[in-house]
Every structure is written in C-alpha cells, then in structure tokens.
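Chemist: protein-v7.pdb is reproduced in full below (PDB, C-alpha atoms and all ligand atoms).
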```
ATOM      1  CA  MET A   1       0.000   0.000   0.000
ATOM      2  CA  ARG A   2       1.464   3.319  -1.055
ATOM      3  CA  ILE A   3       0.001   6.486   0.360
ATOM      4  CA  ALA A   4       1.092  10.072  -0.206
ATOM      5  CA  ILE A   5       0.234  12.556   2.512
ATOM      6  CA  SER A   6       0.028  16.148   1.458
ATOM      7  CA  GLY A   7      -1.669  19.399   2.387
ATOM      8  CA  LYS A   8      -1.064  23.027   3.190
ATOM      9  CA  GLY A   9       1.956  23.943   5.300
ATOM     10  CA  GLY A  10       1.633  23.160   8.984
ATOM     11  CA  VAL A  11      -1.680  21.282   8.821
ATOM     12  CA  GLY A  12      -0.251  18.080  10.306
ATOM     13  CA  LYS A  13       1.151  16.000   7.421
ATOM     14  CA  THR A  14       4.170  14.873   9.411
ATOM     15  CA  THR A  15       2.038  14.158  12.470
ATOM     16  CA  VAL A  16      -0.386  11.988  10.491
ATOM     17  CA  THR A  17       2.439  10.171   8.676
ATOM     18  CA  ALA A  18       4.229   9.355  11.932
ATOM     19  CA  LEU A  19       1.106   8.194  13.781
ATOM     20  CA  TRP A  20      -0.188   6.116  10.862
ATOM     21  CA  GLY A  21       3.238   4.572  10.379
ATOM     22  CA  HIS A  22       3.308   3.635  14.021
ATOM     23  CA  ALA A  23      -0.194   2.145  13.823
ATOM     24  CA  PHE A  24       0.753  -0.023  10.828
ATOM     25  CA  ALA A  25       3.953  -1.132  12.569
ATOM     26  CA  LEU A  26       2.002  -2.163  15.669
ATOM     27  CA  GLU A  27      -0.015  -4.485  13.425
ATOM     28  CA  GLY A  28       3.209  -6.156  12.411
ATOM     29  CA  ARG A  29       3.308  -4.578   8.957
ATOM     30  CA  ASP A  30       6.614  -3.737   7.359
ATOM     31  CA  VAL A  31       6.478   0.039   7.169
ATOM     32  CA  PHE A  32       8.597   2.410   5.175
ATOM     33  CA  LEU A  33       8.169   6.095   5.869
ATOM     34  CA  ILE A  34       9.560   8.422   3.260
ATOM     35  CA  ASP A  35      10.322  11.977   4.235
ATOM     36  CA  ALA A  36      10.018  13.745   0.907
ATOM     37  CA  ASP A  37       9.769  17.232   2.351
ATOM     38  CA  PRO A  38      12.880  19.308   1.641
ATOM     39  CA  ASP A  39      12.415  20.668   5.143
ATOM     40  CA  ALA A  40      12.612  17.179   6.609
ATOM     41  CA  ASN A  41      11.413  16.687  10.167
ATOM     42  CA  LEU A  42       9.712  13.304  10.283
ATOM     43  CA  ALA A  43      12.675  11.753  12.120
ATOM     44  CA  ALA A  44      12.427  14.399  14.809
ATOM     45  CA  ALA A  45       8.689  13.745  15.171
ATOM     46  CA  LEU A  46       9.501  10.079  15.741
ATOM     47  CA  GLY A  47      11.821  11.076  18.559
ATOM     48  CA  VAL A  48      15.203  10.717  16.858
ATOM     49  CA  ALA A  49      17.676  12.894  18.773
ATOM     50  CA  PRO A  50      19.215  15.792  16.845
ATOM     51  CA  LYS A  51      22.660  14.168  16.884
ATOM     52  CA  ASP A  52      21.247  10.951  15.377
ATOM     53  CA  LEU A  53      19.190  12.530  12.604
ATOM     54  CA  PRO A  54      19.782  10.688   9.330
ATOM     55  CA  GLN A  55      21.479  12.510   6.499
ATOM     56  CA  PRO A  56      19.107  13.132   3.610
ATOM     57  CA  LEU A  57      19.992  11.035   0.563
ATOM     58  CA  ILE A  58      20.297  14.145  -1.537
ATOM     59  CA  ALA A  59      23.253  15.208   0.621
ATOM     60  CA  LEU A  60      25.237  12.029  -0.108
ATOM     61  CA  LYS A  61      27.255  13.503  -2.943
ATOM     62  CA  GLU A  62      29.750  10.657  -3.278
ATOM     63  CA  LEU A  63      26.913   8.168  -3.562
ATOM     64  CA  ILE A  64      25.119  10.275  -6.171
ATOM     65  CA  LYS A  65      28.353  10.587  -8.086
ATOM     66  CA  GLU A  66      28.960   6.853  -7.929
ATOM     67  CA  ARG A  67      25.440   6.007  -9.120
ATOM     68  CA  THR A  68      24.890   8.667 -11.741
ATOM     69  CA  GLY A  69      28.467   8.943 -12.956
ATOM     70  CA  ALA A  70      28.489  12.705 -12.467
ATOM     71  CA  ASP A  71      29.642  15.062  -9.770
ATOM     72  CA  PRO A  72      26.586  16.896  -8.355
ATOM     73  CA  ASP A  73      28.691  20.025  -7.909
ATOM     74  CA  LYS A  74      29.821  20.308 -11.516
ATOM     75  CA  LEU A  75      27.780  21.499 -14.436
ATOM     76  CA  GLY A  76      27.638  20.191 -17.965
ATOM     77  CA  GLN A  77      28.468  16.536 -17.415
ATOM     78  CA  TYR A  78      26.872  13.436 -18.856
ATOM     79  CA  PHE A  79      25.119  11.250 -16.338
ATOM     80  CA  LYS A  80      22.986   8.126 -16.209
ATOM     81  CA  LEU A  81      19.286   8.824 -16.465
ATOM     82  CA  ASN A  82      18.412   5.587 -14.730
ATOM     83  CA  PRO A  83      20.867   5.052 -11.899
ATOM     84  CA  ARG A  84      20.710   1.866  -9.842
ATOM     85  CA  VAL A  85      19.058   2.610  -6.505
ATOM     86  CA  SER A  86      17.314  -0.632  -5.537
ATOM     87  CA  ASP A  87      19.811  -1.454  -2.785
ATOM     88  CA  LEU A  88      19.620   1.973  -1.173
ATOM     89  CA  PRO A  89      16.375   1.849   0.839
ATOM     90  CA  ASP A  90      17.672  -1.076   2.854
ATOM     91  CA  THR A  91      21.099   0.483   3.335
ATOM     92  CA  TYR A  92      20.081   4.023   4.159
ATOM     93  CA  ALA A  93      16.793   3.692   6.001
ATOM     94  CA  VAL A  94      17.045   4.204   9.743
ATOM     95  CA  ARG A  95      15.044   2.027  12.088
ATOM     96  CA  VAL A  96      12.990   3.890  14.602
ATOM     97  CA  ALA A  97       9.940   2.873  16.635
ATOM     98  CA  GLY A  98       9.553  -0.400  14.741
ATOM     99  CA  LEU A  99       9.537   1.186  11.316
ATOM    100  CA  ARG A 100      12.008   2.268   8.695
ATOM    101  CA  LEU A 101      12.517   5.845   7.670
ATOM    102  CA  LEU A 102      14.176   7.128   4.566
ATOM    103  CA  VAL A 103      14.896  10.831   4.290
ATOM    104  CA  LEU A 104      15.132  11.954   0.691
ATOM    105  CA  GLY A 105      15.843  15.597   1.290
ATOM    106  CA  GLY A 106      14.937  18.071  -1.359
ATOM    107  CA  LEU A 107      16.096  20.216  -4.106
ATOM    108  CA  GLN A 108      15.173  23.769  -3.478
ATOM    109  CA  ARG A 109      11.607  24.601  -4.367
ATOM    110  CA  GLY A 110      11.183  25.170  -8.067
ATOM    111  CA  GLY A 111      14.233  23.067  -8.845
ATOM    112  CA  GLY A 112      12.357  19.821  -8.339
ATOM    113  CA  GLY A 113      12.261  18.991 -11.973
ATOM    114  CA  CYS A 114      15.953  19.709 -12.329
ATOM    115  CA  ALA A 115      17.737  17.624 -14.950
ATOM    116  CA  CYS A 116      20.774  17.346 -12.733
ATOM    117  CA  PRO A 117      22.336  14.285 -11.099
ATOM    118  CA  GLN A 118      20.489  14.887  -7.816
ATOM    119  CA  GLY A 119      17.122  15.292  -9.524
ATOM    120  CA  VAL A 120      17.579  12.137 -11.568
ATOM    121  CA  PHE A 121      18.761  10.256  -8.511
ATOM    122  CA  LEU A 122      15.763  11.266  -6.373
ATOM    123  CA  LYS A 123      13.318  10.480  -9.145
ATOM    124  CA  ALA A 124      14.851   7.053  -9.643
ATOM    125  CA  MET A 125      14.509   6.489  -5.915
ATOM    126  CA  MET A 126      10.841   7.486  -5.838
ATOM    127  CA  ARG A 127      10.098   5.356  -8.880
ATOM    128  CA  HIS A 128      11.754   2.361  -7.317
ATOM    129  CA  LEU A 129       9.892   2.852  -4.044
ATOM    130  CA  MET A 130       6.558   3.317  -5.790
ATOM    131  CA  LEU A 131       6.765   0.490  -8.224
ATOM    132  CA  GLU A 132       8.905  -2.197  -6.697
ATOM    133  CA  ARG A 133       8.582  -2.220  -2.955
ATOM    134  CA  ARG A 134       5.932  -4.256  -1.213
ATOM    135  CA  GLU A 135       5.916  -2.624   2.201
ATOM    136  CA  VAL A 136       3.403  -0.154   3.534
ATOM    137  CA  LEU A 137       4.841   3.027   2.133
ATOM    138  CA  LEU A 138       3.803   6.383   3.558
ATOM    139  CA  VAL A 139       5.226   9.485   1.945
ATOM    140  CA  ASP A 140       5.304  12.746   3.885
ATOM    141  CA  MET A 141       5.201  15.342   1.137
ATOM    142  CA  GLU A 142       5.706  19.016   1.013
ATOM    143  CA  ALA A 143       2.583  20.906  -0.025
ATOM    144  CA  GLY A 144       1.935  20.156  -3.690
ATOM    145  CA  LEU A 145       2.994  17.284  -5.869
ATOM    146  CA  GLU A 146       5.248  18.581  -8.543
ATOM    147  CA  PHE A 147       8.407  18.639  -6.519
ATOM    148  CA  LEU A 148       9.793  15.412  -7.887
ATOM    149  CA  GLY A 149       7.968  15.402 -11.123
ATOM    150  CA  ARG A 150       4.996  13.400 -12.174
ATOM    151  CA  ALA A 151       6.561   9.995 -12.587
ATOM    152  CA  SER A 152       7.617   9.859  -8.987
ATOM    153  CA  VAL A 153       4.161   9.787  -7.449
ATOM    154  CA  MET A 154       2.293   7.962 -10.184
ATOM    155  CA  GLY A 155       2.201   4.628  -8.414
ATOM    156  CA  MET A 156       0.370   5.909  -5.359
ATOM    157  CA  ASP A 157      -2.669   3.933  -4.241
ATOM    158  CA  ALA A 158      -4.129   7.025  -2.657
ATOM    159  CA  LEU A 159      -3.395  10.616  -1.932
ATOM    160  CA  VAL A 160      -4.474  11.897   1.450
ATOM    161  CA  ALA A 161      -4.815  15.613   2.034
ATOM    162  CA  VAL A 162      -4.574  16.771   5.613
ATOM    163  CA  VAL A 163      -6.810  19.768   6.197
ATOM    164  CA  GLU A 164      -7.511  22.001   9.176
ATOM    165  CA  PRO A 165     -10.627  23.996   9.948
ATOM    166  CA  GLY A 166      -9.929  26.750   7.450
ATOM    167  CA  ARG A 167     -10.771  27.681   3.899
ATOM    168  CA  ARG A 168      -7.162  27.905   2.744
ATOM    169  CA  SER A 169      -6.374  24.335   3.632
ATOM    170  CA  LEU A 170      -9.417  23.273   1.580
ATOM    171  CA  ASP A 171      -8.127  25.282  -1.357
ATOM    172  CA  THR A 172      -4.817  23.467  -1.106
ATOM    173  CA  ALA A 173      -6.626  20.110  -0.903
ATOM    174  CA  GLU A 174      -8.477  21.004  -4.071
ATOM    175  CA  ALA A 175      -5.286  21.955  -5.885
ATOM    176  CA  ILE A 176      -3.662  18.730  -4.740
ATOM    177  CA  ALA A 177      -6.589  16.625  -5.936
ATOM    178  CA  HIS A 178      -6.409  18.393  -9.262
ATOM    179  CA  MET A 179      -2.710  17.691  -9.685
ATOM    180  CA  GLY A 180      -3.154  14.146  -8.455
ATOM    181  CA  ARG A 181      -5.886  13.463 -10.979
ATOM    182  CA  ASP A 182      -3.679  14.852 -13.728
ATOM    183  CA  ILE A 183      -1.035  12.265 -12.992
ATOM    184  CA  GLY A 184      -3.501   9.411 -12.748
ATOM    185  CA  ILE A 185      -4.004   8.991  -9.025
ATOM    186  CA  GLN A 186      -7.484   7.565  -8.513
ATOM    187  CA  ARG A 187      -8.222   7.690  -4.827
ATOM    188  CA  PHE A 188      -8.321  10.832  -2.760
ATOM    189  CA  ALA A 189      -9.169  11.231   0.863
ATOM    190  CA  ALA A 190      -8.823  13.796   3.593
ATOM    191  CA  ILE A 191      -8.134  13.958   7.306
ATOM    192  CA  LEU A 192      -9.367  16.938   9.256
ATOM    193  CA  ASN A 193      -6.853  17.879  11.939
ATOM    194  CA  LYS A 194      -6.859  20.361  14.838
ATOM    195  CA  VAL A 195     -10.623  20.399  15.345
ATOM    196  CA  THR A 196     -11.714  22.710  18.161
ATOM    197  CA  ASP A 197     -15.472  22.598  17.630
ATOM    198  CA  PRO A 198     -17.598  19.656  16.397
ATOM    199  CA  ALA A 199     -19.434  21.941  13.954
ATOM    200  CA  GLN A 200     -16.192  22.255  11.994
ATOM    201  CA  VAL A 201     -16.391  18.642  10.868
ATOM    202  CA  GLU A 202     -19.528  19.023   8.746
ATOM    203  CA  ALA A 203     -18.434  22.406   7.432
ATOM    204  CA  ILE A 204     -15.178  20.929   6.200
ATOM    205  CA  ARG A 205     -16.801  17.771   4.869
ATOM    206  CA  ALA A 206     -19.136  19.933   2.812
ATOM    207  CA  GLY A 207     -16.230  21.977   1.481
ATOM    208  CA  LEU A 208     -14.018  19.106   0.350
ATOM    209  CA  PRO A 209     -13.510  18.701  -3.376
ATOM    210  CA  ALA A 210     -15.735  16.163  -5.120
ATOM    211  CA  GLY A 211     -14.440  12.634  -4.822
ATOM    212  CA  MET A 212     -12.445  13.332  -1.698
ATOM    213  CA  GLU A 213     -13.757  11.298   1.204
ATOM    214  CA  LEU A 214     -13.278  12.525   4.778
ATOM    215  CA  LEU A 215     -11.620   9.622   6.595
ATOM    216  CA  GLY A 216     -11.848  11.120  10.035
ATOM    217  CA  HIS A 217     -10.951  14.016  12.255
ATOM    218  CA  VAL A 218      -8.476  14.648  15.030
ATOM    219  CA  ALA A 219      -9.147  17.123  17.817
ATOM    220  CA  TYR A 220      -6.755  19.933  18.549
ATOM    221  CA  SER A 221      -4.229  18.304  20.850
ATOM    222  CA  PRO A 222      -2.188  20.208  23.425
ATOM    223  CA  ALA A 223      -0.250  16.971  24.073
ATOM    224  CA  LEU A 224       0.889  16.671  20.438
ATOM    225  CA  GLN A 225       1.817  20.320  20.379
ATOM    226  CA  ARG A 226       3.753  20.043  23.630
ATOM    227  CA  ALA A 227       5.687  17.025  22.377
ATOM    228  CA  ASP A 228       6.728  19.001  19.331
ATOM    229  CA  LEU A 229       7.666  22.052  21.386
ATOM    230  CA  GLU A 230       9.802  19.941  23.688
ATOM    231  CA  GLY A 231      11.382  18.034  20.816
ATOM    232  CA  ARG A 232      10.023  14.683  22.007
ATOM    233  CA  THR A 233       8.458  11.851  20.032
ATOM    234  CA  ILE A 234       4.833  12.396  19.151
ATOM    235  CA  LEU A 235       4.122   8.659  19.467
ATOM    236  CA  ASN A 236       2.100   7.545  22.487
ATOM    237  CA  VAL A 237       1.374  11.043  23.767
ATOM    238  CA  ASP A 238      -2.301  11.345  22.816
ATOM    239  CA  SER A 239      -4.400   8.196  22.780
ATOM    240  CA  ALA A 240      -7.522  10.004  21.519
ATOM    241  CA  ALA A 241      -5.642  11.328  18.481
ATOM    242  CA  GLU A 242      -4.202   7.861  17.848
ATOM    243  CA  ALA A 243      -7.648   6.261  18.107
ATOM    244  CA  ALA A 244      -9.088   8.802  15.674
ATOM    245  CA  LEU A 245      -6.284   8.139  13.218
ATOM    246  CA  ALA A 246      -6.650   4.377  13.632
ATOM    247  CA  GLY A 247     -10.284   4.727  12.572
ATOM    248  CA  ALA A 248      -9.278   6.900   9.627
ATOM    249  CA  LYS A 249      -6.636   4.353   8.663
ATOM    250  CA  ARG A 250      -9.213   1.545   8.556
ATOM    251  CA  LYS A 251     -11.360   3.657   6.245
ATOM    252  CA  LEU A 252      -8.373   4.353   4.047
ATOM    253  CA  GLU A 253      -7.564   0.646   3.809
ATOM    254  CA  ALA A 254     -11.182  -0.067   2.900
ATOM    255  CA  LEU A 255     -11.108   2.648   0.242
ATOM    256  CA  VAL A 256      -7.950   1.240  -1.331
ATOM    257  CA  ALA A 257      -9.285  -2.332  -1.181
ATOM    258  CA  ALA A 258     -12.678  -1.370  -2.649
ATOM    259  CA  LYS A 259     -11.221   0.419  -5.634
ATOM    260  CA  ALA A 260      -8.713  -2.366  -6.205
ATOM    261  CA  ALA A 261     -11.559  -4.925  -6.217
ATOM    262  CA  ALA A 262     -13.652  -2.755  -8.544
ATOM    263  CA  LYS A 263     -10.743  -2.586 -10.970
ATOM    264  CA  GLY A 264     -10.493  -6.206 -11.419
TER     265      GLY A 264
HETATM  266  N1  LIG A 301      -4.115  17.685  16.299
HETATM  267  C1  LIG A 301      -3.182  18.595  16.608
HETATM  268  N2  LIG A 301      -3.372  19.434  17.668
HETATM  269  C2  LIG A 301      -2.462  20.376  17.992
HETATM  270  N3  LIG A 301      -1.327  20.579  17.343
HETATM  271  C3  LIG A 301      -1.078  19.789  16.283
HETATM  272  C4  LIG A 301      -1.983  18.761  15.862
HETATM  273  N4  LIG A 301      -1.446  18.152  14.773
HETATM  274  C5  LIG A 301      -0.278  18.765  14.544
HETATM  275  N5  LIG A 301      -0.048  19.750  15.435
HETATM  276  C6  LIG A 301       1.082  20.669  15.517
HETATM  277  O1  LIG A 301       1.059  21.517  14.384
HETATM  278  C7  LIG A 301       2.383  21.764  13.929
HETATM  279  C8  LIG A 301       2.505  21.301  12.486
HETATM  280  O2  LIG A 301       2.329  19.900  12.450
HETATM  281  P1  LIG A 301       3.122  19.014  11.396
HETATM  282  O3  LIG A 301       4.571  19.298  11.479
HETATM  283  O4  LIG A 301       2.664  17.618  11.556
HETATM  284  O5  LIG A 301       2.506  19.644  10.076
HETATM  285  P2  LIG A 301       3.063  19.577   8.588
HETATM  286  O6  LIG A 301       1.872  19.696   7.723
HETATM  287  O7  LIG A 301       3.920  18.382   8.423
HETATM  288  O8  LIG A 301       3.936  20.878   8.556
HETATM  289  P3  LIG A 301       4.991  21.316   7.390
HETATM  290  O9  LIG A 301       4.150  21.885   6.284
HETATM  291  O10 LIG A 301       5.820  22.332   8.084
HETATM  292  O11 LIG A 301       5.729  20.079   7.005
HETATM  293  C9  LIG A 301       3.313  21.016  14.873
HETATM  294  O12 LIG A 301       3.741  21.887  15.870
HETATM  295  C10 LIG A 301       2.413  19.954  15.456
HETATM  296  O13 LIG A 301       2.807  19.545  16.735
HETATM  297 MG    MG A 302       5.895  18.221   7.746
END
```
Turn this file's structure into structure tokens for me.
Ligand SMILES: Nc1ncnc2c1ncn2[C@@H]1O[C@H](COP(=O)(O)OP(=O)(O)OP(=O)(O)O)[C@@H](O)[C@H]1O
Ligand SMILES: [Mg+2]
Modeler:
Amino acid sequence: MRIAISGKGGVGKTTVTALWGHAFALEGRDVFLIDADPDANLAAALGVAPKDLPQPLIALKELIKERTGADPDKLGQYFKLNPRVSDLPDTYAVRVAGLRLLVLGGLQRGGGGCACPQGVFLKAMMRHLMLERREVLLVDMEAGLEFLGRASVMGMDALVAVVEPGRRSLDTAEAIAHMGRDIGIQRFAAILNKVTDPAQVEAIRAGLPAGMELLGHVAYSPALQRADLEGRTILNVDSAAEAALAGAKRKLEALVAAKAAAKG
C-alpha cells in the first residue's frame, strides 16, 4: 500500500504520517516512511535525537556521483538517467519505533524537476519505491505534488490531504486533488486535523472537493503540540488522536481495497 500525505503547510502532514506509520507497525506490517519534504522533520517527530538525525539522501554527494556517474557540484556533465538505486532503501533507512525511515531531502523549491544528477537520482529512488517495494509506504510530502515530477508519485494507491478547519487548507486540498488526478491517481481522501469545535467537521466535509472522502478528524491536541515544542516523540502522547487516526486508517484501507476490487 502506497500512500502520499500532502496538504497546506503546517496542517499536520508529518504528524499523520508518523502516527499512521506507528499504527501499521504495531499491526506487524513492514512500514517504510519516506520523508520527501525538503524541510525534513519526520525523524524528529519520531523522537530521533538531533545528533542521530539521518542525512538526507540528496546530501550524499559521493553516492550520487557513484550512481549517476556525475559530480553533483559540476555542471555540464553526462550522467545516467536511470541510476541503480534498488539497494539503497535497505542500506540508508534508519530504524525507529519499529519502522524504517528514509529521508530523501529536497532540491530547493522550483528546482524539483531539475535535470541534474540529484534530480535524476531522487526520481529514480521514488520510482523504485513506488513500483517495486511491497511494504506499507507512507510518503510525507511538502505541499503540492510537482516537486519530484509526475513519474515519482504515479504509483500511489491514494493521496491523502490533511486539512484544518480553514478555507485555505481546503483550497490546497483542491489543488492537490487536481494535480493528483492529472497524474492518474485515482483515490483521494482527507483527514481533518486540529478540530476545536464539532461543527467544523460538517463544514469541512461539505467543502471538500468532489471525490475526496473525509476519513476522520483529530481534535486539537495540546499533548501533540507540547511534544513538538519539547522536541520529544509524538508517538504515544495522545491516545484520543491515535484512536481517531486508527479509525481513519481503517477507512483508508477499505477505500484502497474497494477500488482495487472494482478494478479487477
Ligand atoms: N491535532 C493537533 N493538535 C495540535 N497541534 C497539532 C496537531 N497536529 C499537529 N499539530 C502541531 O502543528 C504543527 C505542524 O504539524 P506538522 O509538522 O505535523 O505539520 P506539517 O503539515 O507536516 O507541517 P509542514 O508543512 O511544516 O511540514 C506542529 O507543531 C504539530 O505539533
Ligand atoms: Mg511536515
């Protein structure tokens, strides 16, 4: 199962990715979390200490040079468009809280489509992860989808937009669904996070783009916020949030299974 988690900045993408990953791992599933946000902080959310934070793959210049045949720091070289990367997830993923985490790191915004060794390397990595790995794969994205180019997210089983009680996060969800549809993603869903009033749930449900199912909602959580402020893991700090996300996760699994069955 391959799920991309996107949404407006700060809505809770990393929080949802970490808590869902943990929930899958507790079921004994083999979970791969991919931090695809250039401003990577999924490891920190999982409680990895600052000194142990994994290096993003994009920063491993010697490796990129070895695999692409070109020095990332030099311009105007020939390089392989399809570098071998299949061994890298197992080598470079860090194990934390019963799951594996791979930090891709990012090219600066706007450079995502860059025809440079790093861009080709990251795209090859995403393609490999999407098309050839069998684990539960959860990808914590930056807002938007174009950062790694279309091919990289094409294999997603579903795209989940995290929204908060606010019009702008719905606008982002709509833009994401639009982009997702363009690249052939078929299932869209949303999680409403940071709810402070029950009336917000129906208002947001009504405002979601067509074809985007609301999987569930998570109340505003001082405990989650405190864990972040204090730089602690966000796992096991708020059982109500985890229960809400467990329910949303079951709906997501049903959505993926239903569409898969309908297909054939
Ligand atoms: N349900 C919640 N209640 C209260 N605070 C929350 C909740 N969910 C997330 N937060 C807090 O909101 C902030 C943003 O959350 P998070 O980092 O998960 O969002 P994000 O969408 O990944 O952000 P970014 O766009 O920066 O990657 C964090 O401080 C987090 O602790
Ligand atoms: Mg994030």
Chemist: To verify the selection step, state as a list in words which residues the PyMOL selection byres (((not hetatm)) within 10 of (chain A and resi 302)) yields on this input.
Modeler: Ile5, Ser6, Gly7, Lys8, Gly9, Gly10, Val11, Gly12, Lys13, Thr14, Thr15, Val16, Thr17, Ala18, Asp35, Ala36, Asp37, Pro38, Asp39, Ala40, Asn41, Leu42, Ala45, Asp140, Met141, Glu142 and Ala143 of chain A
Chemist: How big is the axis-aligned box around all listed atoms of ligand LIG 301 (chain A) once 6 Å goes on each side, and where's its centre, in Å to one decimal, as lines of an AutoDock Vina configuration file?
Modeler:
```
center_x = 0.9
center_y = 20.0
center_z = 12.1
size_x = 21.9
size_y = 16.7
size_z = 23.7
```
Chemist: Determine the residue set returned by the PyMOL selection byres (((chain A and resi 72-82) around 12) and not hetatm) for the present structure, and present it as number ranges by chain.
Modeler: A: 58-71, 83-86, 107, 114-128
Chemist: Find the distance between CA of Val139 in chain A and CA of Gly155 in chain A and write it in Å to one decimal.
Modeler: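 These atoms are spaced 11.8 Å apart.
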Chemist: CA of Ala254 in chain A and CA of Arg2 in chain A, how far apart in Å?
Modeler: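 Between CA of Arg2 in chain A and CA of Ala254 in chain A the gap works out to 13.7 Å.
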Chemist: In Å to one decimal, how far is CA of Ala25 in chain A from CA of Ala44 in chain A?
Modeler: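 Straight-line distance from CA of Ala44 in chain A to CA of Ala25 in chain A works out to 17.8 Å.
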Chemist: Let me make sure I understand: among A:Glu253, A:Glu27, A:Glu230, A:Asp171, which one has the smallest atom-to-atom distance to ligand LIG 301 (chain A) if we use only C-alpha atoms and all ligand atoms?
Modeler: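 Closest to ligand LIG 301 (chain A), using only C-alpha atoms and all ligand atoms: A:Glu230.
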Chemist: Which residues come within 10 Å of Tyr220 in chain A, counting all atoms listed in the file, excluding same-chain residues fewer than 4 positions away, as a ChimeraX atom specification?
Modeler: /A:164,193-197,224-225,241
Chemist: Compile the contact shell of Val256 in chain A as number ranges by chain: residues with an atom at most 7 Å away, counting only C-alpha atoms, same-chain residues fewer than 4 positions apart removed.
Modeler: A: 157, 252, 260
Chemist: Taking all atoms listed in the file into account, name the residue in A:Leu19, A:Leu229, A:Ala262, A:Ile176 that is nearest to Glu242 in chain A.
Modeler: A:Leu19
Chemist: Using all atoms listed in the file for the distances, tell me which of A:Ala246, A:Ala199, A:Ile183, A:Ala206 is nearest to Met156 in chain A.
Modeler: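 Under the stated criterion, the closest residue is A:Ile183.
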